[in-house]
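Below is input-v4.cif, holding mmCIF, C-alpha atoms.
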```
data_final
loop_
_atom_site.group_PDB
_atom_site.id
_atom_site.type_symbol
_atom_site.label_atom_id
_atom_site.label_comp_id
_atom_site.auth_asym_id
_atom_site.auth_seq_id
_atom_site.Cartn_x
_atom_site.Cartn_y
_atom_site.Cartn_z
ATOM 1 C CA MET X 1332 -13.683 -57.238 -104.888
ATOM 2 C CA ASN X 1333 -11.109 -55.464 -107.058
ATOM 3 C CA ASP X 1334 -8.781 -52.588 -106.145
ATOM 4 C CA SER X 1335 -11.066 -49.855 -107.481
ATOM 5 C CA GLU X 1336 -13.965 -51.176 -105.393
ATOM 6 C CA ILE X 1337 -11.773 -51.369 -102.286
ATOM 7 C CA ARG X 1338 -10.716 -47.759 -102.876
ATOM 8 C CA ALA X 1339 -14.357 -46.719 -103.343
ATOM 9 C CA PHE X 1340 -15.334 -48.391 -100.044
ATOM 10 C CA LEU X 1341 -12.577 -46.581 -98.169
ATOM 11 C CA THR X 1342 -13.403 -43.261 -99.850
ATOM 12 C CA ILE X 1343 -17.060 -43.532 -98.830
ATOM 13 C CA ALA X 1344 -16.067 -44.493 -95.276
ATOM 14 C CA LEU X 1345 -13.843 -41.415 -94.953
ATOM 15 C CA MET X 1346 -16.553 -39.196 -96.453
ATOM 16 C CA ALA X 1347 -18.930 -40.487 -93.787
ATOM 17 C CA ALA X 1348 -16.329 -39.802 -91.079
ATOM 18 C CA PHE X 1349 -16.065 -36.157 -92.107
ATOM 19 C CA ALA X 1350 -19.709 -35.598 -93.045
ATOM 20 C CA ASP X 1351 -20.561 -33.755 -89.821
ATOM 21 C CA GLY X 1352 -17.703 -31.288 -90.245
ATOM 22 C CA ALA X 1353 -16.953 -31.592 -86.534
ATOM 23 C CA LYS X 1354 -13.499 -33.147 -86.698
ATOM 24 C CA ASP X 1355 -10.864 -30.918 -85.117
ATOM 25 C CA ASP X 1356 -7.254 -30.645 -86.298
ATOM 26 C CA ARG X 1357 -6.147 -33.343 -83.850
ATOM 27 C CA GLU X 1358 -8.614 -35.906 -85.159
ATOM 28 C CA ARG X 1359 -7.916 -34.963 -88.787
ATOM 29 C CA ALA X 1360 -4.222 -35.577 -88.143
ATOM 30 C CA ALA X 1361 -5.028 -38.881 -86.422
ATOM 31 C CA LEU X 1362 -7.152 -40.057 -89.350
ATOM 32 C CA ARG X 1363 -4.413 -39.128 -91.815
ATOM 33 C CA SER X 1364 -1.916 -41.055 -89.682
ATOM 34 C CA LEU X 1365 -4.353 -43.973 -89.735
ATOM 35 C CA ALA X 1366 -4.447 -43.811 -93.550
ATOM 36 C CA THR X 1367 -0.646 -43.966 -93.584
ATOM 37 C CA ARG X 1368 -0.546 -46.980 -91.240
ATOM 38 C CA LEU X 1369 -3.200 -48.863 -93.172
ATOM 39 C CA GLY X 1370 -1.675 -48.021 -96.559
ATOM 40 C CA GLU X 1371 -0.162 -51.453 -97.071
ATOM 41 C CA GLY X 1372 -0.366 -53.444 -100.296
ATOM 42 C CA ARG X 1373 -1.904 -51.912 -103.400
ATOM 43 C CA ILE X 1374 -4.194 -49.188 -102.034
ATOM 44 C CA ASP X 1375 -2.730 -45.717 -101.349
ATOM 45 C CA LEU X 1376 -4.925 -44.607 -98.461
ATOM 46 C CA VAL X 1377 -3.197 -41.259 -98.076
ATOM 47 C CA ASP X 1378 -4.302 -40.492 -101.636
ATOM 48 C CA VAL X 1379 -7.839 -41.599 -100.677
ATOM 49 C CA TYR X 1380 -7.686 -39.196 -97.710
ATOM 50 C CA ASP X 1381 -6.614 -36.387 -100.064
ATOM 51 C CA ASP X 1382 -9.480 -37.240 -102.433
ATOM 52 C CA VAL X 1383 -11.928 -36.618 -99.608
ATOM 53 C CA LEU X 1384 -10.451 -33.565 -97.867
ATOM 54 C CA VAL X 1385 -8.302 -31.849 -100.495
ATOM 55 C CA ARG X 1386 -9.774 -32.671 -103.885
ATOM 56 C CA LYS X 1387 -13.340 -32.898 -102.506
ATOM 57 C CA ILE X 1388 -14.445 -35.859 -104.604
ATOM 58 C CA SER X 1389 -18.196 -35.948 -105.240
ATOM 59 C CA ILE X 1390 -20.434 -38.720 -103.953
ATOM 60 C CA ALA X 1391 -21.336 -39.638 -107.536
ATOM 61 C CA ASP X 1392 -17.657 -40.085 -108.457
ATOM 62 C CA ALA X 1393 -16.900 -41.963 -105.242
ATOM 63 C CA VAL X 1394 -19.567 -44.627 -105.819
ATOM 64 C CA ARG X 1395 -19.002 -45.091 -109.563
ATOM 65 C CA PRO X 1396 -16.570 -48.064 -109.290
ATOM 66 C CA LEU X 1397 -18.988 -50.103 -107.155
ATOM 67 C CA THR X 1398 -21.004 -52.944 -108.642
ATOM 68 C CA PRO X 1399 -24.695 -53.459 -107.838
ATOM 69 C CA GLU X 1400 -23.676 -56.318 -105.544
ATOM 70 C CA THR X 1401 -21.398 -54.157 -103.372
ATOM 71 C CA ARG X 1402 -23.412 -50.914 -103.227
ATOM 72 C CA ARG X 1403 -25.689 -51.958 -100.377
ATOM 73 C CA GLN X 1404 -22.703 -53.094 -98.323
ATOM 74 C CA ALA X 1405 -20.991 -49.745 -98.962
ATOM 75 C CA TYR X 1406 -24.061 -47.934 -97.659
ATOM 76 C CA GLU X 1407 -24.168 -50.053 -94.503
ATOM 77 C CA THR X 1408 -20.498 -49.262 -93.922
ATOM 78 C CA ALA X 1409 -21.111 -45.505 -94.255
ATOM 79 C CA VAL X 1410 -23.987 -45.672 -91.755
ATOM 80 C CA ALA X 1411 -21.793 -47.545 -89.276
ATOM 81 C CA VAL X 1412 -18.996 -44.967 -89.612
ATOM 82 C CA ALA X 1413 -21.436 -42.057 -89.178
ATOM 83 C CA ASP X 1414 -22.825 -43.657 -86.002
ATOM 84 C CA ALA X 1415 -19.469 -44.791 -84.612
ATOM 85 C CA ASP X 1416 -19.288 -41.880 -82.161
ATOM 86 C CA GLY X 1417 -22.991 -41.754 -81.356
ATOM 87 C CA VAL X 1418 -26.333 -41.369 -83.127
ATOM 88 C CA HIS X 1419 -25.790 -39.607 -86.453
ATOM 89 C CA SER X 1420 -26.051 -35.815 -86.634
ATOM 90 C CA PRO X 1421 -28.341 -33.870 -89.040
ATOM 91 C CA ALA X 1422 -25.361 -33.217 -91.326
ATOM 92 C CA GLU X 1423 -24.502 -36.906 -91.360
ATOM 93 C CA GLY X 1424 -28.162 -37.727 -92.034
ATOM 94 C CA ALA X 1425 -28.141 -35.433 -95.084
ATOM 95 C CA PHE X 1426 -24.985 -37.126 -96.358
ATOM 96 C CA LEU X 1427 -26.477 -40.596 -95.865
ATOM 97 C CA ARG X 1428 -29.659 -39.643 -97.750
ATOM 98 C CA GLU X 1429 -27.628 -38.348 -100.691
ATOM 99 C CA LEU X 1430 -25.424 -41.434 -100.591
ATOM 100 C CA ALA X 1431 -28.440 -43.767 -100.605
ATOM 101 C CA VAL X 1432 -29.754 -42.072 -103.750
ATOM 102 C CA ALA X 1433 -26.351 -42.300 -105.461
ATOM 103 C CA LEU X 1434 -26.037 -45.981 -104.551
ATOM 104 C CA GLY X 1435 -29.604 -46.825 -105.540
ATOM 105 C CA VAL X 1436 -30.587 -48.005 -102.048
ATOM 106 C CA PRO X 1437 -34.380 -47.634 -101.601
ATOM 107 C CA ALA X 1438 -35.287 -44.933 -99.079
ATOM 108 C CA GLN X 1439 -37.260 -47.248 -96.795
ATOM 109 C CA GLU X 1440 -34.463 -49.800 -96.685
ATOM 110 C CA ALA X 1441 -31.862 -47.089 -96.063
ATOM 111 C CA GLN X 1442 -33.883 -45.620 -93.213
ATOM 112 C CA GLY X 1443 -34.360 -49.043 -91.689
ATOM 113 C CA TYR X 1444 -30.629 -49.632 -91.521
ATOM 114 C CA ILE X 1445 -30.035 -46.173 -90.037
ATOM 115 C CA GLY X 1446 -32.631 -46.994 -87.376
ATOM 116 C CA GLN X 1447 -30.796 -50.208 -86.485
ATOM 117 C CA ALA X 1448 -27.459 -48.409 -86.265
ATOM 118 C CA ASP X 1449 -28.923 -45.594 -84.135
ATOM 119 C CA ALA X 1450 -30.364 -48.169 -81.736
ATOM 120 C CA VAL X 1451 -26.934 -49.758 -81.342
ATOM 121 C CA ALA X 1452 -25.299 -46.344 -80.760
ATOM 122 C CA GLU X 1453 -27.958 -45.360 -78.210
ATOM 123 C CA ALA X 1454 -27.471 -48.616 -76.320
ATOM 124 C CA ALA X 1455 -24.283 -47.270 -74.771
ATOM 125 C CA GLY X 1456 -26.703 -45.596 -72.361
ATOM 126 C CA VAL X 1457 -24.590 -42.454 -71.920
ATOM 127 C CA ALA X 1458 -26.065 -38.951 -71.880
ATOM 128 C CA SER X 1459 -25.708 -37.141 -75.194
ATOM 129 C CA ALA X 1460 -24.254 -33.968 -73.708
ATOM 130 C CA SER X 1461 -21.615 -32.159 -75.743
ATOM 131 C CA GLY X 1462 -18.926 -32.691 -73.162
ATOM 132 C CA SER X 1463 -18.563 -29.001 -72.321
ATOM 133 C CA GLU X 1464 -18.876 -29.835 -68.616
ATOM 134 C CA PRO X 1465 -16.308 -32.060 -66.900
ATOM 135 C CA ALA X 1466 -17.226 -35.371 -65.333
ATOM 136 C CA ARG X 1467 -18.722 -34.813 -61.893
ATOM 137 C CA GLN X 1468 -17.945 -36.922 -58.840
ATOM 138 C CA VAL X 1469 -21.359 -37.285 -57.248
ATOM 139 C CA SER X 1470 -20.878 -40.014 -54.662
ATOM 140 C CA GLY X 1471 -17.774 -38.959 -52.794
ATOM 141 C CA HIS X 1472 -14.931 -41.439 -52.367
ATOM 142 C CA VAL X 1473 -16.166 -44.832 -53.559
ATOM 143 C CA MET X 1474 -14.365 -48.179 -53.376
ATOM 144 C CA PRO X 1475 -16.206 -50.631 -55.640
ATOM 145 C CA ASP X 1476 -15.807 -54.389 -55.831
ATOM 146 C CA VAL X 1477 -12.621 -54.533 -57.937
ATOM 147 C CA ALA X 1478 -12.999 -58.255 -58.651
ATOM 148 C CA ALA X 1479 -16.502 -57.626 -59.998
ATOM 149 C CA LEU X 1480 -15.161 -54.838 -62.226
ATOM 150 C CA ASP X 1481 -12.470 -57.183 -63.562
ATOM 151 C CA ARG X 1482 -15.127 -59.764 -64.419
ATOM 152 C CA GLN X 1483 -17.132 -57.051 -66.168
ATOM 153 C CA ILE X 1484 -14.069 -56.010 -68.196
ATOM 154 C CA VAL X 1485 -13.355 -59.597 -69.263
ATOM 155 C CA ASN X 1486 -17.011 -60.099 -70.183
ATOM 156 C CA ALA X 1487 -16.968 -56.991 -72.390
ATOM 157 C CA ALA X 1488 -13.673 -58.050 -73.988
ATOM 158 C CA VAL X 1489 -15.012 -61.553 -74.734
ATOM 159 C CA THR X 1490 -18.202 -60.100 -76.219
ATOM 160 C CA ASN X 1491 -16.282 -57.667 -78.455
ATOM 161 C CA ALA X 1492 -13.953 -60.423 -79.636
ATOM 162 C CA ALA X 1493 -17.007 -62.554 -80.444
ATOM 163 C CA LEU X 1494 -18.673 -59.675 -82.324
ATOM 164 C CA GLU X 1495 -15.578 -59.296 -84.494
ATOM 165 C CA LEU X 1496 -15.865 -62.954 -85.553
ATOM 166 C CA LEU X 1497 -19.329 -62.318 -87.025
ATOM 167 C CA PRO X 1498 -19.684 -61.337 -90.704
ATOM 168 C CA GLU X 1499 -22.353 -58.650 -90.260
ATOM 169 C CA SER X 1500 -21.085 -55.042 -90.334
ATOM 170 C CA LEU X 1501 -23.610 -54.107 -87.637
ATOM 171 C CA ALA X 1502 -21.911 -56.580 -85.291
ATOM 172 C CA SER X 1503 -18.557 -54.825 -85.661
ATOM 173 C CA MET X 1504 -20.228 -51.450 -85.178
ATOM 174 C CA ALA X 1505 -21.477 -52.566 -81.753
ATOM 175 C CA ILE X 1506 -17.922 -52.878 -80.431
ATOM 176 C CA LEU X 1507 -17.420 -49.146 -79.882
ATOM 177 C CA PRO X 1508 -20.731 -48.497 -78.068
ATOM 178 C CA LEU X 1509 -19.906 -51.457 -75.862
ATOM 179 C CA GLN X 1510 -16.523 -49.885 -75.020
ATOM 180 C CA VAL X 1511 -18.236 -46.568 -74.261
ATOM 181 C CA ARG X 1512 -20.698 -48.370 -72.024
ATOM 182 C CA LEU X 1513 -17.865 -50.152 -70.214
ATOM 183 C CA VAL X 1514 -15.995 -46.908 -69.460
ATOM 184 C CA TYR X 1515 -19.256 -45.331 -68.304
ATOM 185 C CA GLN X 1516 -19.982 -48.202 -65.917
ATOM 186 C CA ILE X 1517 -16.455 -48.158 -64.488
ATOM 187 C CA GLY X 1518 -16.559 -44.398 -63.920
ATOM 188 C CA LYS X 1519 -19.964 -44.749 -62.290
ATOM 189 C CA ALA X 1520 -18.636 -47.500 -60.008
ATOM 190 C CA TYR X 1521 -16.076 -45.018 -58.691
ATOM 191 C CA GLY X 1522 -18.706 -42.351 -58.143
ATOM 192 C CA TYR X 1523 -18.371 -40.292 -61.334
ATOM 193 C CA GLU X 1524 -21.328 -39.149 -63.427
ATOM 194 C CA LEU X 1525 -20.065 -39.178 -67.032
ATOM 195 C CA ASP X 1526 -21.450 -37.931 -70.309
ATOM 196 C CA GLN X 1527 -20.566 -39.141 -73.782
ATOM 197 C CA GLY X 1528 -18.430 -36.087 -74.488
ATOM 198 C CA HIS X 1529 -16.181 -36.897 -71.532
ATOM 199 C CA ILE X 1530 -15.838 -40.534 -72.583
ATOM 200 C CA LYS X 1531 -14.967 -39.546 -76.168
ATOM 201 C CA GLU X 1532 -12.256 -37.281 -74.805
ATOM 202 C CA PHE X 1533 -10.935 -40.077 -72.583
ATOM 203 C CA VAL X 1534 -10.724 -42.482 -75.533
ATOM 204 C CA ALA X 1535 -9.271 -39.789 -77.819
ATOM 205 C CA THR X 1536 -6.292 -39.312 -75.489
ATOM 206 C CA LEU X 1537 -5.210 -42.842 -76.416
ATOM 207 C CA GLY X 1538 -4.484 -41.722 -79.979
ATOM 208 C CA VAL X 1539 -7.656 -41.410 -82.041
ATOM 209 C CA GLY X 1540 -11.363 -40.823 -81.499
ATOM 210 C CA LEU X 1541 -14.171 -43.341 -81.747
ATOM 211 C CA THR X 1542 -14.727 -42.736 -85.470
ATOM 212 C CA GLY X 1543 -11.062 -43.358 -86.124
ATOM 213 C CA GLN X 1544 -11.192 -46.592 -84.150
ATOM 214 C CA TYR X 1545 -14.046 -47.855 -86.271
ATOM 215 C CA LEU X 1546 -12.321 -46.815 -89.510
ATOM 216 C CA GLU X 1547 -9.161 -48.639 -88.482
ATOM 217 C CA GLN X 1548 -11.160 -51.729 -87.599
ATOM 218 C CA PHE X 1549 -13.076 -51.571 -90.881
ATOM 219 C CA GLY X 1550 -9.999 -50.772 -92.982
ATOM 220 C CA ARG X 1551 -7.967 -53.624 -91.578
ATOM 221 C CA LYS X 1552 -10.828 -56.043 -92.119
ATOM 222 C CA LEU X 1553 -11.376 -54.877 -95.696
ATOM 223 C CA LEU X 1554 -7.710 -54.828 -96.684
ATOM 224 C CA GLY X 1555 -7.016 -58.000 -94.757
ATOM 225 C CA GLY X 1556 -9.764 -59.809 -96.630
ATOM 226 C CA LEU X 1557 -8.345 -58.610 -99.940
ATOM 227 C CA LEU X 1558 -4.793 -59.567 -99.086
ATOM 228 C CA GLY X 1559 -5.940 -62.882 -97.637
ATOM 229 C CA THR X 1560 -7.592 -63.774 -100.937
ATOM 230 C CA VAL X 1561 -4.542 -62.767 -102.947
ATOM 231 C CA LEU X 1562 -2.044 -64.551 -100.716
ATOM 232 C CA GLY X 1563 -3.724 -67.866 -100.258
ATOM 233 C CA GLY X 1564 -7.483 -68.107 -100.396
ATOM 234 C CA MET X 1565 -10.132 -68.007 -97.710
ATOM 235 C CA GLY X 1566 -7.909 -69.580 -95.080
ATOM 236 C CA ARG X 1567 -5.898 -66.386 -94.868
ATOM 237 C CA ALA X 1568 -9.065 -64.289 -94.640
ATOM 238 C CA VAL X 1569 -10.355 -66.427 -91.765
ATOM 239 C CA GLY X 1570 -6.985 -66.108 -90.063
ATOM 240 C CA HIS X 1571 -7.173 -62.327 -90.340
ATOM 241 C CA GLN X 1572 -10.654 -62.343 -88.857
ATOM 242 C CA THR X 1573 -9.341 -64.295 -85.882
ATOM 243 C CA ALA X 1574 -6.472 -61.826 -85.464
ATOM 244 C CA SER X 1575 -8.933 -58.937 -85.634
ATOM 245 C CA SER X 1576 -11.013 -60.641 -82.938
ATOM 246 C CA GLY X 1577 -7.940 -60.836 -80.731
ATOM 247 C CA MET X 1578 -7.303 -57.139 -81.314
ATOM 248 C CA ALA X 1579 -10.867 -56.348 -80.192
ATOM 249 C CA PHE X 1580 -10.361 -58.403 -77.026
ATOM 250 C CA ALA X 1581 -7.022 -56.806 -76.115
ATOM 251 C CA THR X 1582 -8.179 -53.253 -76.863
ATOM 252 C CA THR X 1583 -11.360 -53.609 -74.786
ATOM 253 C CA TRP X 1584 -9.555 -55.269 -71.886
ATOM 254 C CA ALA X 1585 -6.840 -52.591 -71.848
ATOM 255 C CA LEU X 1586 -9.389 -49.769 -72.100
ATOM 256 C CA GLY X 1587 -11.321 -51.190 -69.141
ATOM 257 C CA GLN X 1588 -8.216 -51.628 -67.013
ATOM 258 C CA LEU X 1589 -7.012 -48.116 -67.852
ATOM 259 C CA ALA X 1590 -10.418 -46.655 -66.976
ATOM 260 C CA LYS X 1591 -10.239 -48.485 -63.646
ATOM 261 C CA GLN X 1592 -6.821 -46.939 -62.911
ATOM 262 C CA TYR X 1593 -7.958 -43.509 -64.067
ATOM 263 C CA TYR X 1594 -11.124 -43.245 -61.977
ATOM 264 C CA SER X 1595 -9.742 -45.016 -58.911
ATOM 265 C CA GLY X 1596 -6.895 -42.497 -58.912
ATOM 266 C CA GLY X 1597 -9.224 -39.497 -59.001
ATOM 267 C CA ARG X 1598 -8.700 -38.688 -62.697
ATOM 268 C CA VAL X 1599 -5.196 -37.293 -62.188
ATOM 269 C CA LEU X 1600 -3.385 -38.908 -65.146
ATOM 270 C CA ASP X 1601 -2.660 -36.536 -68.020
ATOM 271 C CA ALA X 1602 -3.002 -37.450 -71.710
ATOM 272 C CA GLY X 1603 0.643 -38.442 -72.107
ATOM 273 C CA LYS X 1604 0.559 -40.716 -69.087
ATOM 274 C CA LEU X 1605 -2.716 -42.285 -70.229
ATOM 275 C CA LYS X 1606 -1.198 -43.175 -73.605
ATOM 276 C CA ALA X 1607 1.939 -44.524 -71.950
ATOM 277 C CA ALA X 1608 -0.132 -46.650 -69.559
ATOM 278 C CA PHE X 1609 -2.318 -48.062 -72.328
ATOM 279 C CA ALA X 1610 0.484 -49.784 -74.293
ATOM 280 C CA PRO X 1611 1.576 -52.293 -71.604
ATOM 281 C CA LEU X 1612 -2.067 -52.980 -70.727
ATOM 282 C CA PHE X 1613 -2.760 -53.780 -74.366
ATOM 283 C CA GLU X 1614 0.161 -56.209 -74.377
ATOM 284 C CA GLN X 1615 -1.225 -57.869 -71.247
ATOM 285 C CA GLY X 1616 -4.600 -58.162 -72.966
ATOM 286 C CA GLN X 1617 -2.981 -59.863 -75.935
ATOM 287 C CA GLY X 1618 -1.422 -62.370 -73.577
ATOM 288 C CA LEU X 1619 -4.847 -63.278 -72.181
ATOM 289 C CA ILE X 1620 -6.548 -64.040 -75.499
ATOM 290 C CA GLY X 1621 -5.627 -67.738 -75.536
ATOM 291 C CA ARG X 1622 -7.167 -68.246 -72.108
ATOM 292 C CA TYR X 1623 -10.581 -67.102 -73.350
ATOM 293 C CA GLY X 1624 -10.542 -68.516 -76.897
ATOM 294 C CA SER X 1625 -13.210 -71.160 -76.337
ATOM 295 C CA GLU X 1626 -15.420 -68.678 -74.465
ATOM 296 C CA ILE X 1627 -15.121 -66.203 -77.350
ATOM 297 C CA ALA X 1628 -16.091 -68.848 -79.888
ATOM 298 C CA GLU X 1629 -19.083 -69.923 -77.796
ATOM 299 C CA ARG X 1630 -20.212 -66.310 -77.326
ATOM 300 C CA ALA X 1631 -20.063 -65.762 -81.092
ATOM 301 C CA ARG X 1632 -22.377 -68.724 -81.644
ATOM 302 C CA THR X 1633 -24.985 -67.318 -79.266
ATOM 303 C CA ILE X 1634 -25.082 -63.642 -80.330
ATOM 304 C CA ASP X 1635 -28.262 -62.551 -82.099
ATOM 305 C CA VAL X 1636 -27.279 -59.594 -84.298
ATOM 306 C CA ARG X 1637 -30.925 -58.479 -84.371
ATOM 307 C CA ASN X 1638 -30.776 -57.833 -80.624
ATOM 308 C CA LEU X 1639 -27.484 -55.957 -80.243
ATOM 309 C CA PRO X 1640 -28.866 -53.026 -78.174
ATOM 310 C CA ALA X 1641 -29.994 -55.403 -75.428
ATOM 311 C CA LEU X 1642 -26.614 -57.147 -75.535
ATOM 312 C CA ILE X 1643 -24.753 -53.848 -75.023
ATOM 313 C CA ARG X 1644 -26.990 -52.770 -72.141
ATOM 314 C CA ARG X 1645 -26.200 -55.997 -70.274
ATOM 315 C CA ILE X 1646 -22.523 -55.063 -69.997
#
```
Please render this file's structure as structure tokens.
Amino acid sequence: MNDSEIRAFLTIALMAAFADGAKDDRERAALRSLATRLGEGRIDLVDVYDDVLVRKISIADAVRPLTPETRRQAYETAVAVADADGVHSPAEGAFLRELAVALGVPAQEAQGYIGQADAVAEAAGVASASGSEPARQVSGHVMPDVAALDRQIVNAAVTNAALELLPESLASMAILPLQVRLVYQIGKAYGYELDQGHIKEFVATLGVGLTGQYLEQFGRKLLGGLLGTVLGGMGRAVGHQTASSGMAFATTWALGQLAKQYYSGGRVLDAGKLKAAFAPLFEQGQGLIGRYGSEIAERARTIDVRNLPALIRRI
């Protein structure tokens, strides 16, 4: 894949991220910061960001550099980005239909992939409320089995690390719904009834929303694969995939541990304290990766990508 194709992939991914028009100034700033962080090597991602939001590049112009072999993969990526923060909205659906036409993806095939992605997003099992109401404590003071919660967090982290080892884009997309599901289950264990809006807000306080997380994950994988090929063949690309798997483990583990602190403490931490608490937890998660390496590899061998919704609901 050459530089122009890489740029086209990233342009389409950002177009999908902004297709619903619902991003607020905070998330726009976070996505621009993401573009700056990822802008390593030969692709100027800040310029890609400006193409999408400032120069308003058309879908037809965005897809033009793609070859027939990469167009279907670009469409799958756009669907995954659109569904990263939940089942796609009507505005995102309109964008995806127009994109499918521009890419030459048959309507039935395009709709089939959207259906798969929606099923993965829905598997988080969290109410689709807008988040206008705060989380409600419905069970009074609850003291759950902390050891059981820790096992659940490790299980989710191992599963996400295993998903990141798989080549299918749908596998990577399942990581975020699984994280949402994990936060939901931890909050519920402490007696809180959560909706998806509340969980998005909780995750957003750590620096960027769910869509931004997926874009960072996708961008690093895409650029890492390119740089791996340039710097030394497939061995480097495989090494990057392993590093990305470790990132998925550490992020999920830290998110679970932070959620446990947050809900056990009665939701009293403010956004600044949440962000400050996340960093050392992430470092701890990184230190645990080696302990679970063989378990991650074994989990990757047993995952059936066709049955991801059931996998997420088991967490």
Contact residues around range 1339-1345 of chain X with all atoms listed in the file at 6 Å, ignoring same-chain residues under 3 positions, as a PyMOL selection string: chain X and resi 1336+1348+1379+1393+1405+1409
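Considering the residues X:Gln1588, X:Glu1423, X:Glu1429, X:Val1410 and counting only C-alpha atoms, Gly1443 in chain X has its shortest atom-to-atom contact with X:Val1410.
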Best match for closeness to Met1578 in chain X among X:Val1636, X:Leu1605, X:Ala1493, X:Ile1337, counting only C-alpha atoms: X:Ala1493
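When you apply the PyMOL selection byres ((chain X and resi 1475-1488) around 6) to this structure, what comes back is Met1474, Val1489, Thr1490, Asn1491, Ala1520, Phe1580, Thr1583, Trp1584 and Gly1587 of chain X.
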Best match for closeness to Val1418 in chain X among X:Glu1453, X:Asp1378, X:Asp1526, X:Asp1334, counting all atoms listed in the file: X:Glu1453
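Counting from CA of Leu1537 in chain X, the distance to CA of Ala1607 in chain X is 8.6 Å.
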Matched chain/residue IDs from the PyMOL selection byres ((chain X and resi 1408) around 12), as an NGL selection string: :X and (1339-1348 or 1401-1407 or 1409-1415 or 1427 or 1430-1431 or 1441 or 1444-1445 or 1448 or 1499-1504 or 1545-1546 or 1548-1550 or 1552-1553)
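Between Leu1496 in chain X and the candidates X:Ala1608, X:Ala1590, X:Ala1574, X:Ala1433, the tightest atom-to-atom separation, counting only C-alpha atoms, involves X:Ala1574.
Distances from X:Val1534, X:Asp1635, X:Pro1508, X:Gln1447 to Ala1602 in chain X were compared using all atoms listed in the file, and the smallest one belongs to X:Val1534.
Proximity to His1529 in chain X was assessed for X:Ala1581, X:Val1511, X:Leu1434, X:Ile1506 counting all atoms listed in the file; the smallest distance is recorded for X:Val1511.
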